[in-house]
Every structure is written in structure tokens, then in C-alpha cells.
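Listing of coords_37.pdb; format and content: PDB, C-alpha atoms and all ligand atoms.
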ATOM      1  CA  MET A 254     -47.682 -22.082  18.380
ATOM      2  CA  GLU A 255     -50.508 -21.234  15.992
ATOM      3  CA  THR A 256     -52.080 -24.455  14.723
ATOM      4  CA  ILE A 257     -53.305 -25.053  11.171
ATOM      5  CA  ASP A 258     -57.073 -25.092  10.754
ATOM      6  CA  LEU A 259     -57.644 -27.770   8.121
ATOM      7  CA  SER A 260     -61.274 -26.802   7.689
ATOM      8  CA  ALA A 261     -60.104 -23.515   6.157
ATOM      9  CA  TYR A 262     -58.574 -25.317   3.177
ATOM     10  CA  ALA A 263     -60.073 -27.460   0.429
ATOM     11  CA  ARG A 264     -56.936 -28.857  -1.224
ATOM     12  CA  ILE A 265     -53.759 -29.459   0.735
ATOM     13  CA  VAL A 266     -50.380 -30.538  -0.625
ATOM     14  CA  PHE A 267     -47.472 -31.718   1.491
ATOM     15  CA  PHE A 268     -44.218 -31.424  -0.430
ATOM     16  CA  THR A 269     -41.437 -33.360   1.267
ATOM     17  CA  GLY A 270     -37.691 -33.776   0.960
ATOM     18  CA  ALA A 271     -34.978 -35.714   2.752
ATOM     19  CA  GLY A 272     -35.392 -33.692   5.976
ATOM     20  CA  MET A 273     -38.797 -35.348   6.395
ATOM     21  CA  SER A 274     -37.046 -38.672   7.016
ATOM     22  CA  ALA A 275     -34.129 -37.237   9.010
ATOM     23  CA  GLU A 276     -35.729 -37.868  12.413
ATOM     24  CA  SER A 277     -36.397 -41.451  11.322
ATOM     25  CA  GLY A 278     -32.635 -41.806  10.969
ATOM     26  CA  VAL A 279     -32.367 -41.667   7.170
ATOM     27  CA  PRO A 280     -29.489 -39.316   6.260
ATOM     28  CA  THR A 281     -30.251 -36.236   4.174
ATOM     29  CA  TYR A 282     -28.292 -35.589   0.961
ATOM     30  CA  ARG A 283     -26.607 -32.290   1.728
ATOM     31  CA  GLY A 284     -25.050 -30.756   4.813
ATOM     32  CA  LYS A 285     -23.245 -32.491   7.671
ATOM     33  CA  GLY A 286     -23.593 -36.282   7.486
ATOM     34  CA  GLY A 287     -25.271 -35.947   4.074
ATOM     35  CA  ILE A 288     -25.087 -38.830   1.595
ATOM     36  CA  TRP A 289     -23.321 -36.688  -1.017
ATOM     37  CA  SER A 290     -20.541 -35.786   1.397
ATOM     38  CA  ALA A 291     -19.869 -39.484   2.075
ATOM     39  CA  TYR A 292     -20.391 -40.795  -1.461
ATOM     40  CA  ASP A 293     -19.438 -39.265  -4.794
ATOM     41  CA  PHE A 294     -22.611 -39.208  -6.896
ATOM     42  CA  GLU A 295     -20.481 -39.597 -10.032
ATOM     43  CA  GLU A 296     -19.447 -43.016  -8.699
ATOM     44  CA  TYR A 297     -22.865 -44.146  -7.471
ATOM     45  CA  ALA A 298     -25.792 -42.092  -8.703
ATOM     46  CA  CYS A 299     -25.671 -41.355 -12.391
ATOM     47  CA  GLN A 300     -26.243 -43.307 -15.577
ATOM     48  CA  LYS A 301     -22.533 -43.188 -16.509
ATOM     49  CA  ALA A 302     -21.561 -44.822 -13.211
ATOM     50  CA  PHE A 303     -24.177 -47.529 -13.796
ATOM     51  CA  GLU A 304     -22.891 -48.195 -17.310
ATOM     52  CA  ARG A 305     -19.309 -48.334 -16.003
ATOM     53  CA  ASP A 306     -19.997 -50.689 -13.089
ATOM     54  CA  PRO A 307     -23.652 -51.731 -12.646
ATOM     55  CA  GLU A 308     -22.974 -54.096  -9.780
ATOM     56  CA  LYS A 309     -21.159 -51.430  -7.742
ATOM     57  CA  VAL A 310     -24.062 -49.008  -8.207
ATOM     58  CA  LEU A 311     -26.646 -51.680  -7.352
ATOM     59  CA  ARG A 312     -24.732 -52.685  -4.212
ATOM     60  CA  PHE A 313     -24.663 -49.023  -3.092
ATOM     61  CA  HIS A 314     -28.444 -48.844  -3.442
ATOM     62  CA  GLU A 315     -28.771 -52.128  -1.587
ATOM     63  CA  ILE A 316     -26.852 -50.596   1.344
ATOM     64  CA  ARG A 317     -29.289 -47.665   1.276
ATOM     65  CA  ARG A 318     -32.271 -50.045   1.266
ATOM     66  CA  ARG A 319     -30.956 -51.893   4.310
ATOM     67  CA  ALA A 320     -30.334 -48.594   6.124
ATOM     68  CA  VAL A 321     -33.888 -47.408   5.364
ATOM     69  CA  LEU A 322     -35.409 -50.695   6.531
ATOM     70  CA  ASP A 323     -33.679 -50.197   9.879
ATOM     71  CA  CYS A 324     -35.492 -46.837  10.226
ATOM     72  CA  TYR A 325     -39.171 -46.247  10.955
ATOM     73  CA  PRO A 326     -41.688 -43.521  10.144
ATOM     74  CA  HIS A 327     -42.035 -40.885  12.874
ATOM     75  CA  ALA A 328     -44.984 -38.958  14.311
ATOM     76  CA  GLY A 329     -44.833 -36.414  11.472
ATOM     77  CA  HIS A 330     -45.352 -39.120   8.845
ATOM     78  CA  GLY A 331     -48.246 -40.363  10.971
ATOM     79  CA  VAL A 332     -49.905 -36.939  11.049
ATOM     80  CA  MET A 333     -49.761 -36.739   7.268
ATOM     81  CA  ALA A 334     -51.196 -40.246   6.877
ATOM     82  CA  ASP A 335     -54.058 -39.160   9.140
ATOM     83  CA  ILE A 336     -55.035 -36.482   6.594
ATOM     84  CA  PRO A 337     -55.848 -38.755   3.639
ATOM     85  CA  GLU A 338     -57.543 -35.942   1.734
ATOM     86  CA  ALA A 339     -54.166 -34.181   1.410
ATOM     87  CA  SER A 340     -51.818 -34.989  -1.474
ATOM     88  CA  ILE A 341     -48.231 -35.903  -0.789
ATOM     89  CA  VAL A 342     -45.602 -34.986  -3.356
ATOM     90  CA  THR A 343     -42.202 -36.250  -2.302
ATOM     91  CA  GLN A 344     -38.655 -36.117  -3.559
ATOM     92  CA  ASN A 345     -37.879 -39.023  -1.254
ATOM     93  CA  ILE A 346     -37.264 -42.495  -2.601
ATOM     94  CA  ASP A 347     -37.352 -44.246   0.776
ATOM     95  CA  GLY A 348     -41.076 -45.185   0.869
ATOM     96  CA  MET A 349     -41.425 -43.884   4.427
ATOM     97  CA  HIS A 350     -44.768 -42.142   3.761
ATOM     98  CA  GLN A 351     -46.256 -45.400   2.485
ATOM     99  CA  ARG A 352     -44.918 -47.288   5.494
ATOM    100  CA  ALA A 353     -46.695 -44.733   7.709
ATOM    101  CA  GLY A 354     -49.972 -45.523   5.925
ATOM    102  CA  SER A 355     -50.219 -42.850   3.207
ATOM    103  CA  ALA A 356     -51.757 -44.541   0.191
ATOM    104  CA  GLU A 357     -51.353 -41.920  -2.528
ATOM    105  CA  VAL A 358     -47.819 -40.598  -2.752
ATOM    106  CA  ILE A 359     -46.444 -38.890  -5.831
ATOM    107  CA  GLU A 360     -42.793 -39.931  -5.932
ATOM    108  CA  LEU A 361     -40.969 -37.409  -8.085
ATOM    109  CA  HIS A 362     -37.604 -39.136  -7.939
ATOM    110  CA  GLY A 363     -38.822 -42.728  -8.121
ATOM    111  CA  SER A 364     -38.424 -45.424  -5.500
ATOM    112  CA  LEU A 365     -35.651 -47.447  -3.899
ATOM    113  CA  TRP A 366     -38.141 -50.320  -3.944
ATOM    114  CA  ARG A 367     -38.410 -50.590  -7.726
ATOM    115  CA  LEU A 368     -36.043 -51.772 -10.432
ATOM    116  CA  ARG A 369     -36.435 -51.380 -14.149
ATOM    117  CA  CYS A 370     -34.903 -52.778 -17.298
ATOM    118  CA  ASP A 371     -33.967 -50.113 -19.809
ATOM    119  CA  ARG A 372     -33.770 -52.705 -22.569
ATOM    120  CA  CYS A 373     -37.229 -54.318 -22.376
ATOM    121  CA  TRP A 374     -38.939 -51.671 -20.154
ATOM    122  CA  MET A 375     -39.879 -54.168 -17.445
ATOM    123  CA  VAL A 376     -40.518 -52.539 -14.040
ATOM    124  CA  LYS A 377     -40.273 -54.702 -10.932
ATOM    125  CA  GLU A 378     -41.170 -54.011  -7.320
ATOM    126  CA  ASP A 379     -38.636 -55.407  -4.860
ATOM    127  CA  TYR A 380     -38.907 -54.732  -1.130
ATOM    128  CA  GLY A 381     -36.256 -56.935   0.477
ATOM    129  CA  ARG A 382     -33.063 -55.960   2.274
ATOM    130  CA  ASP A 383     -31.195 -57.471  -0.674
ATOM    131  CA  TYR A 384     -32.278 -57.333  -4.281
ATOM    132  CA  GLU A 385     -33.951 -60.569  -5.385
ATOM    133  CA  THR A 386     -31.971 -60.415  -8.605
ATOM    134  CA  LEU A 387     -29.722 -57.883 -10.270
ATOM    135  CA  ARG A 388     -30.606 -59.052 -13.781
ATOM    136  CA  CYS A 389     -33.727 -58.850 -15.889
ATOM    137  CA  GLY A 390     -35.107 -62.020 -17.548
ATOM    138  CA  CYS A 391     -33.787 -60.569 -20.839
ATOM    139  CA  GLY A 392     -30.249 -60.711 -19.461
ATOM    140  CA  SER A 393     -29.742 -56.952 -18.941
ATOM    141  CA  TRP A 394     -28.755 -55.401 -15.619
ATOM    142  CA  LEU A 395     -31.726 -54.021 -13.719
ATOM    143  CA  ARG A 396     -31.471 -50.357 -12.793
ATOM    144  CA  PRO A 397     -32.857 -48.757  -9.614
ATOM    145  CA  ASP A 398     -36.012 -46.935 -10.794
ATOM    146  CA  ILE A 399     -34.926 -43.609  -9.334
ATOM    147  CA  THR A 400     -33.906 -40.257 -10.734
ATOM    148  CA  TRP A 401     -30.140 -39.912 -10.677
ATOM    149  CA  PHE A 402     -28.083 -36.840 -11.446
ATOM    150  CA  GLY A 403     -28.527 -35.957 -15.106
ATOM    151  CA  ASP A 404     -31.748 -38.006 -15.501
ATOM    152  CA  THR A 405     -34.986 -36.477 -16.710
ATOM    153  CA  LEU A 406     -37.962 -36.768 -14.390
ATOM    154  CA  ASP A 407     -40.878 -38.953 -15.449
ATOM    155  CA  GLY A 408     -43.137 -36.607 -17.436
ATOM    156  CA  ALA A 409     -46.428 -38.155 -16.265
ATOM    157  CA  VAL A 410     -45.370 -37.955 -12.616
ATOM    158  CA  MET A 411     -44.281 -34.316 -13.030
ATOM    159  CA  ARG A 412     -47.592 -33.408 -14.671
ATOM    160  CA  LYS A 413     -49.571 -35.071 -11.877
ATOM    161  CA  ALA A 414     -47.529 -33.261  -9.208
ATOM    162  CA  SER A 415     -47.723 -29.888 -10.977
ATOM    163  CA  LYS A 416     -51.487 -30.225 -11.481
ATOM    164  CA  SER A 417     -52.094 -31.003  -7.844
ATOM    165  CA  ILE A 418     -49.801 -28.170  -6.655
ATOM    166  CA  ALA A 419     -51.303 -25.598  -9.029
ATOM    167  CA  ALA A 420     -54.773 -26.490  -7.691
ATOM    168  CA  CYS A 421     -54.003 -26.500  -3.961
ATOM    169  CA  ASP A 422     -54.885 -23.779  -1.494
ATOM    170  CA  LEU A 423     -52.474 -24.885   1.239
ATOM    171  CA  PHE A 424     -48.920 -25.924   0.351
ATOM    172  CA  ILE A 425     -46.612 -27.181   3.068
ATOM    173  CA  SER A 426     -42.994 -27.768   2.145
ATOM    174  CA  ILE A 427     -41.089 -29.928   4.595
ATOM    175  CA  GLY A 428     -37.404 -30.767   4.824
ATOM    176  CA  THR A 429     -36.057 -29.827   1.443
ATOM    177  CA  SER A 430     -33.053 -27.668   0.623
ATOM    178  CA  GLY A 431     -34.988 -26.439  -2.423
ATOM    179  CA  THR A 432     -31.925 -26.658  -4.632
ATOM    180  CA  VAL A 433     -32.748 -29.511  -6.998
ATOM    181  CA  TRP A 434     -34.817 -28.681 -10.065
ATOM    182  CA  PRO A 435     -37.478 -29.018 -11.319
ATOM    183  CA  ALA A 436     -38.898 -29.827  -7.852
ATOM    184  CA  ALA A 437     -37.344 -26.627  -6.481
ATOM    185  CA  GLY A 438     -39.874 -24.700  -8.600
ATOM    186  CA  PHE A 439     -42.898 -26.141  -6.790
ATOM    187  CA  PRO A 440     -43.059 -23.627  -3.915
ATOM    188  CA  SER A 441     -43.251 -20.734  -6.397
ATOM    189  CA  LEU A 442     -45.822 -22.630  -8.517
ATOM    190  CA  ALA A 443     -47.991 -23.027  -5.414
ATOM    191  CA  ARG A 444     -47.565 -19.392  -4.401
ATOM    192  CA  ASP A 445     -48.228 -18.046  -7.905
ATOM    193  CA  SER A 446     -51.355 -20.217  -8.076
ATOM    194  CA  GLY A 447     -52.706 -18.556  -4.941
ATOM    195  CA  ALA A 448     -51.962 -21.165  -2.248
ATOM    196  CA  TYR A 449     -51.012 -20.238   1.294
ATOM    197  CA  CYS A 450     -47.440 -21.541   1.576
ATOM    198  CA  ILE A 451     -45.715 -22.816   4.694
ATOM    199  CA  GLU A 452     -42.159 -24.075   5.051
ATOM    200  CA  ILE A 453     -41.062 -26.431   7.818
ATOM    201  CA  ASN A 454     -37.294 -26.649   8.034
ATOM    202  CA  PRO A 455     -34.942 -26.045  10.989
ATOM    203  CA  GLU A 456     -32.515 -24.318   8.583
ATOM    204  CA  PRO A 457     -33.027 -21.691   5.896
ATOM    205  CA  SER A 458     -33.521 -23.323   2.486
ATOM    206  CA  GLY A 459     -32.978 -22.227  -1.100
ATOM    207  CA  SER A 460     -36.658 -21.308  -1.476
ATOM    208  CA  THR A 461     -38.098 -17.991  -0.360
ATOM    209  CA  GLY A 462     -41.460 -16.272  -0.484
ATOM    210  CA  TYR A 463     -43.341 -18.501   1.976
ATOM    211  CA  HIS A 464     -46.219 -16.908   3.873
ATOM    212  CA  ARG A 465     -45.124 -18.682   7.035
ATOM    213  CA  VAL A 466     -41.803 -20.275   7.978
ATOM    214  CA  VAL A 467     -41.585 -22.764  10.831
ATOM    215  CA  ARG A 468     -37.960 -23.258  11.893
ATOM    216  CA  GLU A 469     -38.508 -26.583  13.619
ATOM    217  CA  GLU A 470     -37.974 -30.266  12.958
ATOM    218  CA  ALA A 471     -40.802 -31.982  11.086
ATOM    219  CA  GLY A 472     -41.378 -34.857  13.507
ATOM    220  CA  LYS A 473     -41.637 -32.533  16.471
ATOM    221  CA  VAL A 474     -43.708 -29.772  14.963
ATOM    222  CA  LEU A 475     -46.206 -31.539  12.681
ATOM    223  CA  PRO A 476     -48.119 -33.086  15.619
ATOM    224  CA  ILE A 477     -48.287 -29.619  17.203
ATOM    225  CA  LEU A 478     -49.378 -27.820  14.033
ATOM    226  CA  PHE A 479     -52.085 -30.424  13.351
ATOM    227  CA  HIS A 480     -52.884 -31.416  16.932
ATOM    228  CA  CYS A 481     -56.580 -31.531  16.169
ATOM    229  CA  LYS A 482     -56.011 -34.338  13.633
ATOM    230  CA  MET A 483     -53.803 -36.515  15.848
ATOM    231  CA  LYS A 484     -55.263 -39.981  16.298
ATOM    232  CA  ARG A 485     -52.038 -41.828  17.162
TER     233      ARG A 485
HETATM  234  N1  LIG B 501     -37.164 -31.573   9.727
HETATM  235  C1  LIG B 501     -37.307 -30.770   8.635
HETATM  236  N2  LIG B 501     -36.284 -30.475   7.822
HETATM  237  C2  LIG B 501     -35.081 -30.982   8.093
HETATM  238  C3  LIG B 501     -34.857 -31.830   9.208
HETATM  239  C4  LIG B 501     -35.969 -32.111  10.048
HETATM  240  N3  LIG B 501     -35.849 -32.895  11.116
HETATM  241  N4  LIG B 501     -33.552 -32.185   9.218
HETATM  242  C5  LIG B 501     -32.986 -31.603   8.152
HETATM  243  N5  LIG B 501     -33.895 -30.871   7.471
HETATM  244  C6  LIG B 501     -33.707 -30.087   6.238
HETATM  245  C7  LIG B 501     -32.315 -29.517   6.027
HETATM  246  O1  LIG B 501     -32.174 -28.277   6.714
HETATM  247  C8  LIG B 501     -32.260 -29.365   4.516
HETATM  248  O2  LIG B 501     -32.760 -28.100   4.112
HETATM  249  O3  LIG B 501     -33.888 -30.971   5.153
HETATM  250  C9  LIG B 501     -33.218 -30.445   4.008
HETATM  251  C10 LIG B 501     -32.549 -31.599   3.277
HETATM  252  O4  LIG B 501     -31.988 -31.141   2.101
HETATM  253  P1  LIG B 501     -31.316 -32.126   1.032
HETATM  254  O5  LIG B 501     -30.384 -33.050   1.732
HETATM  255  O6  LIG B 501     -30.756 -31.295  -0.052
HETATM  256  O7  LIG B 501     -32.550 -33.007   0.526
HETATM  257  P2  LIG B 501     -33.605 -32.705  -0.626
HETATM  258  O8  LIG B 501     -33.950 -31.272  -0.713
HETATM  259  O9  LIG B 501     -34.714 -33.673  -0.449
HETATM  260  O10 LIG B 501     -32.774 -33.104  -1.908
HETATM  261  C11 LIG B 501     -33.399 -33.067  -3.159
HETATM  262  O11 LIG B 501     -31.456 -34.036  -4.152
HETATM  263  O12 LIG B 501     -29.698 -35.536  -4.582
HETATM  264  C12 LIG B 501     -31.012 -35.274  -4.648
HETATM  265  O13 LIG B 501     -32.484 -36.814  -5.543
HETATM  266  C13 LIG B 501     -32.007 -36.338  -4.301
HETATM  267  O14 LIG B 501     -34.371 -36.069  -3.850
HETATM  268  C14 LIG B 501     -33.075 -35.577  -3.558
HETATM  269  C15 LIG B 501     -32.861 -34.149  -4.049
END

Can the structure from this file be put into C-alpha cells for me?
Ligand code: APR
Amino acid sequence: METIDLSAYARIVFFTGAGMSAESGVPTYRGKGGIWSAYDFEEYACQKAFERDPEKVLRFHEIRRRAVLDCYPHAGHGVMADIPEASIVTQNIDGMHQRAGSAEVIELHGSLWRLRCDRCWMVKEDYGRDYETLRCGCGSWLRPDITWFGDTLDGAVMRKASKSIAACDLFISIGTSGTVWPAAGFPSLARDSGAYCIEINPEPSGSTGYHRVVREEAGKVLPILFHCKMKR
């Protein structure tokens, strides 16, 4: 397989989705075994559900946290962490890139490891299997600081991601169905800005127009594509 010559590029962006964590054992959202085929998002992942029954929604996210903590980053995460000059823009909330050693990760859809209070705007990091507390000091329920269905993405985070993608010369999309907007627009932003665009996904996705498509699993193929950078 043709490897990627990093020295040919000045600004690299990895854009990842749930498929990036699939080989770690974290379920994807769509398709067979996907989270949204097991759980109704209207019950667990939208503001209305939270307002109806905050504890039920928080307990669902606690189950997801425990499941993620039982999974570990794979070789593909390691390859990306070994290219610190590259930017990582992820739709994932699982923190797997950080656990692999990537310091700068733009998390478009927030993080399972943060809670926020929508009354007093307090944001709290919380990394345990169980939440330390479900309530803010002000008495309100804390809300997982993630983007649910119907939520608007954080404007500052979107601007940072868009800026980095519009300026890159190599864009590598990994493990996303490319169906959830506005993130689904990033591959075309990269292409229209002149980047060479690669997709890594064992299945066809909703995005087209890549210069190169690698129909392989991320954990298997990233070490091959970047073999020259492998230190682990
Ligand atoms: N390597 C690479 N890609 C893979 C792998 C793998 N080992 N396994 C599965 N995939 C691909 C699937 O073929 C699919 O195209 O990962 C993709 C996962 O798609 P989704 O489950 O739709 O995940 P994602 O695109 O990240 O979803 C976007 O939807 O509900 C929301 O907020 C949630 O951030 C999420 C957003």
C-alpha cells in the first residue's frame, strides 16, 4: 500500500468520527450494533429528554463512560499522537485521542468527561466511572457537556476547527458516516480550500469527492500508511 509522505505536507488535519474508536471496542452510532439502534436518542440524547428526566439521561451517559473506560486506544490513535504537528478535529466525545497522548484535540461535540450547569454556566471536568455529583452547587442538575440532537455546536470550537481545516494541505477523514452537520461539511471545506483529501473507512460514507479512499479499518491501516512515523 502506498504510504503517506508527511514531509510533503505542511499542515495536516485528522478528522475523526466514531469509527476511529470502533476497534477500541466503543460502539459507533449508526449501523449494526450502533448506539442509536439500541437507544432512542429522543429518550437519552436531547435537551427535551434531559428536561423530562435528568437523572435518566445522566445515568445513560454514566453507562457510556464506564463502557469507554473499559476500552483502550489502539495503534491508530498512537500513530496520530506520534504526529504532534497535526491537528485533530473529532466528533468523538470519548476522549480516546487524549488517552493515547494527543494534547491538542478539537472536540466538536463536547466531551463525556465534562458536565456543565446551564443556570450558572459552571463547567466541571469529571473523569470517574460514576459522576461525582449530578447537581451543581447552585442546586441545578448538571448536564453532560456534549452536543445532543437539536443542540447548536459551540461557535468558538467550530471556528477553530474550520480555520484549521481551511488552512490544511492534507485532510484525512477517519471513521465517520459523514451524515451529521455541520461536521459533514468539513471534507468539502478541506477540498475546496485545496487540501489533498483522504478517507479511511471500511464502508462507503455520505461524503464523496476524496482524492484517495482507503477501504480499511483505522487501527489496522494507520500504522501502515504512516509506517515511517511509528515509534510504538
Ligand atoms: N475504522 C474506520 N471506520 C470505521 C471503522 C473502523 N474500524 N468501523 C466503522 N467505521 C465507520 C463506519 O463505516 C461508519 O461510516 O465509522 C462510521 C461511523 O459512523 P457513525 O456511527 O454515524 O459515527 P459518526 O459519523 O462519528 O457520527 C457523527 O452522530 O449521533 C451523532 O454526535 C454523534 O458525533 C456523532 C455524530

(request) Find the residues near Phe439 of chain A: any atom within 9 Å, counting only C-alpha atoms, skip ones fewer than 2 places away on the same chain, and give them as a list in words. (result)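 Listing them by chain and then by number gives Phe268, Ala414, Ser415, Ile418, Ala419, Pro435, Ala436, Ala437, Ser441, Leu442, Ala443 and Arg444 of chain A.
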
(message) Show me, as a list in words, the residues that have an atom within 8 Å of Leu387 of chain A when counting all atoms listed in the file, minus same-chain residues fewer than 4 positions from it.
(response)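 In the requested format, the answer is Glu308, Leu311, Trp394 and Leu395 of chain A.
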
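Atom CA of Gly459 of chain A is positioned 10.9 Å from atom O10 of ligand LIG 501 (chain B).
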
(request) Counting all atoms listed in the file, figure out which residue out of A:Tyr297, A:Tyr262, A:Phe313, A:Trp401 gets nearest to ligand LIG 501 (chain B). (result) A:Trp401

(message) Give me, as JSON, numbers by chain, the set of residues whose atoms come within 7 Å of any atom of ligand LIG 501 (chain B), counting all atoms listed in the file.
(response) {"A": [269, 270, 271, 272, 273, 275, 276, 281, 282, 283, 284, 287, 344, 345, 362, 400, 401, 427, 428, 429, 430, 431, 432, 433, 453, 454, 455, 456, 457, 458, 469, 470, 471, 472]}

(request) Could you tell me which residues the PyMOL selection byres (((chain A and resi 357) around 10) and not hetatm) returns for this structure, as a PyMOL selection string? (result) chain A and resi 334+337-342+350-351+354-356+358-360

(message) Under the rule that all atoms listed in the file are counted, which of A:Ser426, A:Ser417, A:Thr343, A:Gln300 is the nearest residue to Arg396 of chain A?
(response) A:Gln300

Residues of segment 263-345 of chain A that approach segment 366-369 of chain A to 12 Å or less, counting all atoms listed in the file: could you list each one with the shortest pair of atoms and its distance in Å to one decimal, rows by chain and increasing residue number, as JSON lines?
{"residue": "A:Leu311", "atom": "CA", "partner": "A:Leu368", "partner_atom": "CA", "distance": 9.9}
{"residue": "A:His314", "atom": "CA", "partner": "A:Trp366", "partner_atom": "CA", "distance": 9.8}
{"residue": "A:Glu315", "atom": "CA", "partner": "A:Trp366", "partner_atom": "CA", "distance": 9.8}
{"residue": "A:Arg317", "atom": "CA", "partner": "A:Trp366", "partner_atom": "CA", "distance": 10.6}
{"residue": "A:Arg318", "atom": "CA", "partner": "A:Trp366", "partner_atom": "CA", "distance": 7.9}
{"residue": "A:Arg319", "atom": "CA", "partner": "A:Trp366", "partner_atom": "CA", "distance": 11.1}
{"residue": "A:Val321", "atom": "CA", "partner": "A:Trp366", "partner_atom": "CA", "distance": 10.6}
{"residue": "A:Leu322", "atom": "CA", "partner": "A:Trp366", "partner_atom": "CA", "distance": 10.8}
{"residue": "A:Asn345", "atom": "CA", "partner": "A:Trp366", "partner_atom": "CA", "distance": 11.6}

(request) Return the single residue from A:Ile399, A:Met411, A:Leu365, A:Ala448 that is closest to Arg382 of chain A, with distances computed using only C-alpha atoms. (result)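 Using only C-alpha atoms, the shortest distance to Arg382 of chain A belongs to A:Leu365.
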
(request) Evaluate the PyMOL selection byres (((chain A and resi 480) around 12) and not hetatm) and record the selected residues as a list of chain:residue names, following the chain and residue labels used in the document. (result)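 Expected selection for the PyMOL selection byres (((chain A and resi 480) around 12) and not hetatm) here is A:Met254, A:Glu255, A:Thr256, A:Ile257, A:Asp258, A:Leu259, A:Ala328, A:Gly329, A:Gly331, A:Val332, A:Met333, A:Asp335, A:Ile336, A:Lys473, A:Val474, A:Leu475, A:Pro476, A:Ile477, A:Leu478, A:Phe479, A:Cys481, A:Lys482, A:Met483, A:Lys484, A:Arg485.
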
(message) Under the rule that only C-alpha atoms are counted, which of A:Val467, A:Cys391, A:Cys370, A:Leu361 is the nearest residue to Lys413 of chain A?
(response) A:Leu361

(request) May I ask for the distance between atom CA of Asp323 of chain A and atom CA of Arg352 of chain A, given in Å to one decimal place? (result) 12.4 Å

Around all listed atoms of segment 416-434 of chain A, padded 3 Å per side, what centre and edge lengths does the axis-aligned box have in Å to one decimal, as JSON?
{"center_x": -43.4, "center_y": -27.4, "center_z": -3.3, "size_x": 29.0, "size_y": 13.2, "size_z": 22.3}

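Across the model, the gap from atom CA of His330 of chain A to atom CA of His464 of chain A is 22.8 Å.
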
For the PyMOL selection byres (((chain A and resi 425) around 7) and not hetatm), applied here, can you spell out every residue it catches as a CSV table (one decimal) with C-alpha atoms, in the coordinates of the input?
chain,number,residue,atom,x,y,z
A,266,VAL,CA,-50.4,-30.5,-0.6
A,267,PHE,CA,-47.5,-31.7,1.5
A,268,PHE,CA,-44.2,-31.4,-0.4
A,423,LEU,CA,-52.5,-24.9,1.2
A,424,PHE,CA,-48.9,-25.9,0.4
A,426,SER,CA,-43.0,-27.8,2.1
A,427,ILE,CA,-41.1,-29.9,4.6
A,450,CYS,CA,-47.4,-21.5,1.6
A,451,ILE,CA,-45.7,-22.8,4.7
A,452,GLU,CA,-42.2,-24.1,5.1

(message) Under the rule that all atoms listed in the file are counted, which of A:Ala353, A:Lys309, A:Ala291, A:Ser260 is the nearest residue to Ser277 of chain A?
(response) A:Ala353
